[in-house]
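What follows is a short report on a single structure.
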Amino acid sequence: MKLAKRVSLLSPSPTLAITAKSNEMKRQGLDVVGLGAGEPDFNTPTHIIEAAERAMREGRTKYTATAGIPELLQAISEKFERDNGLTYSTKQIIVTNGGKHALYNLFMSLLDPGDEVIIPIPYWVSYPEMVKVAEGVPVFIEGYEANAFKVTAQQVKTAITPRTRAIILNSPSNPTGSIYTRQELEEIVEVCLAHNILMVSDEIYEKLIYDGHEHVSVATFSKEAYENTVIINGMSKPYSMTGWRMGYAAGNQTLIQAMVDLSSHSTSNPTSFAQYGSLAALTGTQEPLEMMKREFVKRRDRVVDLLNQIEGISCLKPEGAFYVFPNVSEAMKKMGYDHVDKWCEDLLVEQKVALVPGSGFGSANHARISYAASMEQLEKGIERIRQFVRRG
Ligand code: PMP
Ligand code: GLU
């Protein structure tokens, strides 16, 4: 079958592929430790489930407004005011089927063929593919490990051409967990504003920040910064709602309206009762989130400690999200591997541990471990990695 060029160039999401593969192996009865999936292992909090259940029983099972129910748009607007000090009217917000859908609609609404989008490496797997589907061109700049995988304003400046339309910022980052400081962001914002570049700020890990670090949204720096930012966020990570498919975007009203119009011809509204669940998530108790954070900190500390004890592996301690991104290049070299994909594949076959190879994030020397798994699974998985590396 001849496929359209836009999809024949696509590679499947490696994060979802590795998760599917490890789940399949588990179904076959194999004792696989799955550290690939980027989703909290906690259940969705009960009050959220009950709100969705109630909505269904009350007959809220019909189409809603494409942009989302007014109550949820209002709750998101209040969340921005409360958490970020940002004012967005409900017309500047769209509720989507996950943050992924928000990003997809954004690039489809923003890019003309050949428009460039600057993407820092390591990047979340879907950014370059989405830009390409929208006929844009990803332009990569490298966030070096020595700088906690973060790019500098100078690097951004060098990557700008007359075709640059946007940059994607993701702090805290998937896959590194790194957080940009206020100062670092300020410098990047200055460059972006000087060149009229839209900042796509993916803040989906905003709530998952540890050790007293702060989340700073680039939209807060000035009126111009606010006008040149689109914020992407969602329910998946803070409220353990990955399967509900609920995300949102906020920004320029004309751009948001274009995204709504696109949804009106593709997905229509996000699932009605999932919107009521999301309303409860934003307006109800935040204690389950706090509990999850306390648990993630413990796991992060243990995982980083254990990984750094393995010869040939070194791992920075990230400040946010629930991933670590260890450098495995020495271990690979010692074992005779020249590609991290093969290293991860053999680790899965021989030791039954699923990680996502760094190649999916633009890095040949790293692998991503999600610590959104139980401590017992994490310890077992890392012990198996140690055994694997030891075989030399
Ligand atoms: N952005 C980043 C950086 C992510 O890691 C994810 C993970 N899925 C998403 C966006 C989208 O998440 P979702 O579609 O579940 O909201
Ligand atoms: N964002 C998560 C991850 O990176 C979930 C999978 C996906 O949507 O790609 O693993």
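Convention: chains lettered A, B, ... in structure tokens order; per-chain residue numbering from 1; ligands numbered from 1 as shown.
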Would you mind listing the residues within 7 Å of ligand 2, counting only C-alpha atoms and all ligand atoms, as an NGL selection string? :A and (13 or 15-16 or 36-39 or 124-126 or 174)
From a backbone DSSP assignment, name each residue in segment 89-191 of chain A labelled strand (DSSP E), as number ranges by chain. A: 93-96, 116-121, 137-142, 164-170
Take the residues that were just selected and, keeping N, CA, C and O atoms, output them as a PDB file, in the first residue's frame.
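Once written, part.pdb looks like this:
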ATOM      1  N   ILE A  93      -7.950  29.118  26.176  1.00  0.00           N
ATOM      2  CA  ILE A  93      -7.616  27.771  26.654  1.00  0.00           C
ATOM      3  C   ILE A  93      -8.381  26.729  25.831  1.00  0.00           C
ATOM      4  O   ILE A  93      -9.553  26.932  25.507  1.00  0.00           O
ATOM      5  N   ILE A  94      -7.700  25.635  25.512  1.00  0.00           N
ATOM      6  CA  ILE A  94      -8.385  24.491  24.889  1.00  0.00           C
ATOM      7  C   ILE A  94      -8.068  23.243  25.708  1.00  0.00           C
ATOM      8  O   ILE A  94      -6.918  23.043  26.131  1.00  0.00           O
ATOM      9  N   VAL A  95      -9.094  22.437  25.946  1.00  0.00           N
ATOM     10  CA  VAL A  95      -8.895  21.127  26.574  1.00  0.00           C
ATOM     11  C   VAL A  95      -8.758  20.109  25.435  1.00  0.00           C
ATOM     12  O   VAL A  95      -9.509  20.174  24.452  1.00  0.00           O
ATOM     13  N   THR A  96      -7.783  19.224  25.575  1.00  0.00           N
ATOM     14  CA  THR A  96      -7.486  18.291  24.474  1.00  0.00           C
ATOM     15  C   THR A  96      -7.414  16.852  24.979  1.00  0.00           C
ATOM     16  O   THR A  96      -7.423  16.606  26.186  1.00  0.00           O
ATOM     17  N   GLU A 116      10.788  26.271  10.581  1.00  0.00           N
ATOM     18  CA  GLU A 116      11.696  25.548  11.482  1.00  0.00           C
ATOM     19  C   GLU A 116      11.286  25.678  12.949  1.00  0.00           C
ATOM     20  O   GLU A 116      10.818  26.728  13.381  1.00  0.00           O
ATOM     21  N   VAL A 117      11.478  24.589  13.666  1.00  0.00           N
ATOM     22  CA  VAL A 117      11.214  24.577  15.102  1.00  0.00           C
ATOM     23  C   VAL A 117      12.482  24.096  15.802  1.00  0.00           C
ATOM     24  O   VAL A 117      12.991  23.008  15.505  1.00  0.00           O
ATOM     25  N   ILE A 118      12.986  24.907  16.707  1.00  0.00           N
ATOM     26  CA  ILE A 118      14.204  24.535  17.437  1.00  0.00           C
ATOM     27  C   ILE A 118      13.840  23.558  18.555  1.00  0.00           C
ATOM     28  O   ILE A 118      12.925  23.819  19.355  1.00  0.00           O
ATOM     29  N   ILE A 119      14.537  22.432  18.580  1.00  0.00           N
ATOM     30  CA  ILE A 119      14.262  21.395  19.580  1.00  0.00           C
ATOM     31  C   ILE A 119      15.563  21.032  20.301  1.00  0.00           C
ATOM     32  O   ILE A 119      16.486  20.497  19.688  1.00  0.00           O
ATOM     33  N   PRO A 120      15.637  21.318  21.588  1.00  0.00           N
ATOM     34  CA  PRO A 120      16.831  20.910  22.333  1.00  0.00           C
ATOM     35  C   PRO A 120      16.906  19.390  22.497  1.00  0.00           C
ATOM     36  O   PRO A 120      15.887  18.731  22.743  1.00  0.00           O
ATOM     37  N   ILE A 121      18.113  18.864  22.339  1.00  0.00           N
ATOM     38  CA  ILE A 121      18.408  17.445  22.597  1.00  0.00           C
ATOM     39  C   ILE A 121      18.951  17.350  24.019  1.00  0.00           C
ATOM     40  O   ILE A 121      19.771  18.197  24.384  1.00  0.00           O
ATOM     41  N   VAL A 137      10.257  21.718   9.988  1.00  0.00           N
ATOM     42  CA  VAL A 137      11.606  21.148  10.003  1.00  0.00           C
ATOM     43  C   VAL A 137      12.183  21.279  11.414  1.00  0.00           C
ATOM     44  O   VAL A 137      12.353  22.394  11.914  1.00  0.00           O
ATOM     45  N   PRO A 138      12.467  20.145  12.073  1.00  0.00           N
ATOM     46  CA  PRO A 138      13.109  20.254  13.392  1.00  0.00           C
ATOM     47  C   PRO A 138      14.558  20.693  13.247  1.00  0.00           C
ATOM     48  O   PRO A 138      15.265  20.193  12.379  1.00  0.00           O
ATOM     49  N   VAL A 139      14.969  21.617  14.077  1.00  0.00           N
ATOM     50  CA  VAL A 139      16.379  22.053  14.102  1.00  0.00           C
ATOM     51  C   VAL A 139      16.886  21.768  15.512  1.00  0.00           C
ATOM     52  O   VAL A 139      16.347  22.285  16.484  1.00  0.00           O
ATOM     53  N   PHE A 140      17.890  20.912  15.590  1.00  0.00           N
ATOM     54  CA  PHE A 140      18.306  20.429  16.915  1.00  0.00           C
ATOM     55  C   PHE A 140      19.484  21.213  17.466  1.00  0.00           C
ATOM     56  O   PHE A 140      20.393  21.583  16.727  1.00  0.00           O
ATOM     57  N   ILE A 141      19.449  21.442  18.776  1.00  0.00           N
ATOM     58  CA  ILE A 141      20.632  21.954  19.465  1.00  0.00           C
ATOM     59  C   ILE A 141      20.871  21.042  20.660  1.00  0.00           C
ATOM     60  O   ILE A 141      19.923  20.527  21.256  1.00  0.00           O
ATOM     61  N   GLU A 142      22.134  20.840  20.982  1.00  0.00           N
ATOM     62  CA  GLU A 142      22.469  19.817  21.965  1.00  0.00           C
ATOM     63  C   GLU A 142      22.577  20.371  23.387  1.00  0.00           C
ATOM     64  O   GLU A 142      23.367  21.275  23.647  1.00  0.00           O
ATOM     65  N   THR A 164      12.870  30.294  11.278  1.00  0.00           N
ATOM     66  CA  THR A 164      12.547  29.806  12.628  1.00  0.00           C
ATOM     67  C   THR A 164      11.202  30.361  13.084  1.00  0.00           C
ATOM     68  O   THR A 164      10.985  31.572  13.077  1.00  0.00           O
ATOM     69  N   ARG A 165      10.333  29.462  13.478  1.00  0.00           N
ATOM     70  CA  ARG A 165       8.986  29.874  13.899  1.00  0.00           C
ATOM     71  C   ARG A 165       8.798  29.695  15.402  1.00  0.00           C
ATOM     72  O   ARG A 165       8.093  30.460  16.031  1.00  0.00           O
ATOM     73  N   ALA A 166       9.420  28.638  15.946  1.00  0.00           N
ATOM     74  CA  ALA A 166       9.162  28.323  17.360  1.00  0.00           C
ATOM     75  C   ALA A 166      10.324  27.559  17.966  1.00  0.00           C
ATOM     76  O   ALA A 166      11.200  27.045  17.266  1.00  0.00           O
ATOM     77  N   ILE A 167      10.312  27.514  19.301  1.00  0.00           N
ATOM     78  CA  ILE A 167      11.250  26.655  20.041  1.00  0.00           C
ATOM     79  C   ILE A 167      10.424  25.860  21.047  1.00  0.00           C
ATOM     80  O   ILE A 167       9.411  26.365  21.559  1.00  0.00           O
ATOM     81  N   ILE A 168      10.830  24.622  21.312  1.00  0.00           N
ATOM     82  CA  ILE A 168      10.130  23.836  22.336  1.00  0.00           C
ATOM     83  C   ILE A 168      10.978  23.822  23.605  1.00  0.00           C
ATOM     84  O   ILE A 168      12.159  23.445  23.577  1.00  0.00           O
ATOM     85  N   LEU A 169      10.367  24.246  24.693  1.00  0.00           N
ATOM     86  CA  LEU A 169      11.033  24.191  25.998  1.00  0.00           C
ATOM     87  C   LEU A 169      10.263  23.210  26.874  1.00  0.00           C
ATOM     88  O   LEU A 169       9.030  23.224  26.880  1.00  0.00           O
ATOM     89  N   ASN A 170      10.999  22.378  27.578  1.00  0.00           N
ATOM     90  CA  ASN A 170      10.341  21.350  28.389  1.00  0.00           C
ATOM     91  C   ASN A 170      11.074  21.245  29.723  1.00  0.00           C
ATOM     92  O   ASN A 170      12.082  20.590  29.838  1.00  0.00           O
TER      93      ASN A 170
END
So, counting only C-alpha atoms and all ligand atoms, which residue among A:Met235, A:Ala159, A:Val200, A:Val151 is closest to ligand 1? A:Met235
Fewer than 6 positions away in the same chain doesn't count, so skip those; otherwise give me all residues within 10 Å of Lys342 of chain A, counting only C-alpha atoms, as a PDB file with C-alpha atoms, in the first residue's frame.
ATOM      1  CA  MET A 332      28.532  -0.285  26.278  1.00  0.00           C
ATOM      2  CA  LEU A 348      15.559  -6.921  27.695  1.00  0.00           C
ATOM      3  CA  PRO A 357      17.209   3.657  24.510  1.00  0.00           C
TER       4      PRO A 357
END
Per residue of chain A within 10 Å of ligand 1, note the shortest atom pair and the distance in Å to one decimal, counting only C-alpha atoms and all ligand atoms, and order the rows by chain and increasing residue number, as a Markdown table.
| residue | atom | partner | partner_atom_place_in_ligand_line | distance |
| --- | --- | --- | --- | --- |
| A:Thr15 | CA | ligand 1 | 8 (N) | 8.8 |
| A:Leu16 | CA | ligand 1 | 8 (N) | 9.1 |
| A:Ala37 | CA | ligand 1 | 8 (N) | 9.2 |
| A:Gly38 | CA | ligand 1 | 7 (C) | 6.4 |
| A:Glu39 | CA | ligand 1 | 8 (N) | 7.6 |
| A:Thr96 | CA | ligand 1 | 16 (O) | 8.6 |
| A:Asn97 | CA | ligand 1 | 14 (O) | 7.0 |
| A:Gly98 | CA | ligand 1 | 16 (O) | 3.7 |
| A:Gly99 | CA | ligand 1 | 16 (O) | 3.4 |
| A:Lys100 | CA | ligand 1 | 14 (O) | 3.8 |
| A:His101 | CA | ligand 1 | 14 (O) | 6.3 |
| A:Ala102 | CA | ligand 1 | 14 (O) | 8.0 |
| A:Leu103 | CA | ligand 1 | 10 (C) | 7.7 |
| A:Tyr104 | CA | ligand 1 | 14 (O) | 9.9 |
| A:Tyr123 | CA | ligand 1 | 3 (C) | 8.0 |
| A:Trp124 | CA | ligand 1 | 3 (C) | 5.4 |
| A:Val125 | CA | ligand 1 | 5 (O) | 8.3 |
| A:Ser126 | CA | ligand 1 | 1 (N) | 8.1 |
| A:Tyr127 | CA | ligand 1 | 1 (N) | 8.4 |
| A:Leu169 | CA | ligand 1 | 3 (C) | 9.2 |
| A:Asn170 | CA | ligand 1 | 3 (C) | 6.2 |
| A:Ser171 | CA | ligand 1 | 3 (C) | 8.3 |
| A:Pro172 | CA | ligand 1 | 3 (C) | 8.2 |
| A:Ser173 | CA | ligand 1 | 3 (C) | 6.3 |
| A:Asn174 | CA | ligand 1 | 3 (C) | 4.9 |
| A:Pro175 | CA | ligand 1 | 5 (O) | 7.5 |
| A:Gly177 | CA | ligand 1 | 3 (C) | 9.9 |
| A:Ser201 | CA | ligand 1 | 1 (N) | 9.6 |
| A:Asp202 | CA | ligand 1 | 1 (N) | 6.0 |
| A:Glu203 | CA | ligand 1 | 1 (N) | 7.5 |
| A:Ile204 | CA | ligand 1 | 1 (N) | 5.8 |
| A:Tyr205 | CA | ligand 1 | 3 (C) | 7.3 |
| A:Ile232 | CA | ligand 1 | 10 (C) | 7.7 |
| A:Asn233 | CA | ligand 1 | 16 (O) | 7.0 |
| A:Gly234 | CA | ligand 1 | 16 (O) | 5.0 |
| A:Met235 | CA | ligand 1 | 16 (O) | 6.4 |
| A:Ser236 | CA | ligand 1 | 15 (O) | 4.9 |
| A:Lys237 | CA | ligand 1 | 15 (O) | 7.2 |
| A:Ser240 | CA | ligand 1 | 15 (O) | 9.5 |
| A:Met241 | CA | ligand 1 | 15 (O) | 7.8 |
| A:Thr242 | CA | ligand 1 | 15 (O) | 5.0 |
| A:Gly243 | CA | ligand 1 | 15 (O) | 7.4 |
| A:Trp244 | CA | ligand 1 | 15 (O) | 8.2 |
| A:Arg245 | CA | ligand 1 | 15 (O) | 5.9 |
| A:Met246 | CA | ligand 1 | 16 (O) | 6.0 |
| A:Gly247 | CA | ligand 1 | 16 (O) | 5.0 |
| A:Tyr248 | CA | ligand 1 | 16 (O) | 8.2 |
| A:Ala321 | CA | ligand 1 | 5 (O) | 8.7 |
| A:Phe322 | CA | ligand 1 | 5 (O) | 9.7 |
| A:Tyr323 | CA | ligand 1 | 5 (O) | 9.7 |
Distance query Pro318 of chain A at most 7 Å, only C-alpha atoms, self and fewer than 4 positions along chain excluded, as a list in words: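 In the requested format, the answer is Thr176, Gly177, Ser178 and Val324 of chain A.
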Take the selection from the previous step and output its residues with C-alpha atoms, as a CSV table (one decimal), in the first residue's frame.
chain,number,residue,atom,x,y,z
A,176,THR,CA,16.4,14.1,31.8
A,177,GLY,CA,14.4,15.5,34.7
A,178,SER,CA,16.4,18.7,34.5
A,324,VAL,CA,16.8,9.4,35.2
Skip Val33 of chain A itself and residues of its chain fewer than 6 positions away, then list as JSON, numbers by chain all residues within 8 Å of it, counting only C-alpha atoms. {"A": [22, 352, 353, 354, 377, 378, 380, 381]}
Just the residues within 8 Å of segment 268-279 of chain A, please, counting only C-alpha atoms, with nothing from its chain fewer than 5 positions along; format it as a ChimeraX atom specification. /A:48-53,55-56,60-69,71-72,75,95-97,235,244-246,263
Using only C-alpha atoms, please write the residues we just selected to a file, as a compact mmCIF listing (two decimals), in the first residue's frame.
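Just written: part15.txt:
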# COMPACT_ATOMS: atom_id res chain seq x y z
CA ILE A 48 -11.42 11.92 40.61
CA ILE A 49 -12.81 8.53 39.63
CA GLU A 50 -15.97 9.23 41.63
CA ALA A 51 -16.50 12.56 39.91
CA ALA A 52 -16.29 10.91 36.48
CA GLU A 53 -18.60 8.11 37.63
CA ALA A 55 -20.95 12.56 35.68
CA MET A 56 -21.79 9.41 33.74
CA ARG A 60 -23.05 13.80 31.10
CA THR A 61 -22.24 11.38 28.36
CA LYS A 62 -22.99 13.59 25.35
CA TYR A 63 -20.92 15.82 23.11
CA THR A 64 -19.60 18.89 24.89
CA ALA A 65 -18.24 22.14 23.51
CA THR A 66 -15.18 21.31 21.39
CA ALA A 67 -12.82 23.41 23.54
CA GLY A 68 -14.10 21.76 26.73
CA ILE A 69 -16.84 22.27 29.31
CA GLU A 71 -16.45 24.68 34.28
CA LEU A 72 -13.18 22.95 33.37
CA ALA A 75 -10.84 25.75 36.64
CA VAL A 95 -8.89 21.13 26.57
CA THR A 96 -7.49 18.29 24.47
CA ASN A 97 -7.19 14.52 24.38
CA MET A 235 -3.63 15.67 33.84
CA TRP A 244 -7.93 9.33 30.61
CA ARG A 245 -6.31 11.37 27.82
CA MET A 246 -6.75 14.85 29.21
CA SER A 263 -10.39 19.57 16.83
Interatomic distance (Å, one decimal) between atom CA of Asn105 of chain A and atom CA of Met259 of chain A: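 These atoms are spaced 5.4 Å apart.
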May I ask which of the residues A:Pro122, A:Pro238, A:Gly362, A:Gly336 is the closest one to Ala148 of chain A, counting only C-alpha atoms?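 Answer, going by the shortest atom-to-atom distance: A:Pro122.
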Run DSSP on the backbone and give me the residues of segment 268-326 of chain A it puts in alpha helix (DSSP H), as a count of residues only. 34
Report as JSON lines: every residue of segment 203-285 of chain A with an atom at most 10 Å from segment 291-314 of chain A, its closest pair of atoms, and their distance in Å to one decimal, counting only C-alpha atoms, with rows sorted by chain and ascending residue number.
{"residue": "A:Lys207", "atom": "CA", "partner": "A:Lys293", "partner_atom": "CA", "distance": 8.6}
{"residue": "A:Leu208", "atom": "CA", "partner": "A:Lys293", "partner_atom": "CA", "distance": 6.5}
{"residue": "A:Ile209", "atom": "CA", "partner": "A:Lys293", "partner_atom": "CA", "distance": 7.9}
{"residue": "A:Tyr210", "atom": "CA", "partner": "A:Val297", "partner_atom": "CA", "distance": 6.8}
{"residue": "A:Asp211", "atom": "CA", "partner": "A:Val297", "partner_atom": "CA", "distance": 8.4}
{"residue": "A:Pro238", "atom": "CA", "partner": "A:Met292", "partner_atom": "CA", "distance": 8.6}
{"residue": "A:Tyr239", "atom": "CA", "partner": "A:Met292", "partner_atom": "CA", "distance": 9.1}
{"residue": "A:Ser240", "atom": "CA", "partner": "A:Met292", "partner_atom": "CA", "distance": 9.2}
The selected residues should be written to file as a tab-separated table (two decimals), in the first residue's frame (atoms: C-alpha atoms).
chain	number	residue	atom	x	y	z
A	207	LYS	CA	4.08	19.62	39.69
A	208	LEU	CA	6.77	16.97	39.90
A	209	ILE	CA	9.65	19.02	41.29
A	210	TYR	CA	11.81	18.07	44.26
A	211	ASP	CA	14.21	19.50	46.83
A	238	PRO	CA	0.29	15.05	38.26
A	239	TYR	CA	-2.95	13.14	38.77
A	240	SER	CA	-1.95	9.73	37.48
Option closest in space to Met130 of chain A, from A:Ile188, A:Val7, A:Met25, A:Ala225 [counting only C-alpha atoms]: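 When distances to Met130 of chain A are compared using only C-alpha atoms, the smallest one comes from A:Val7.
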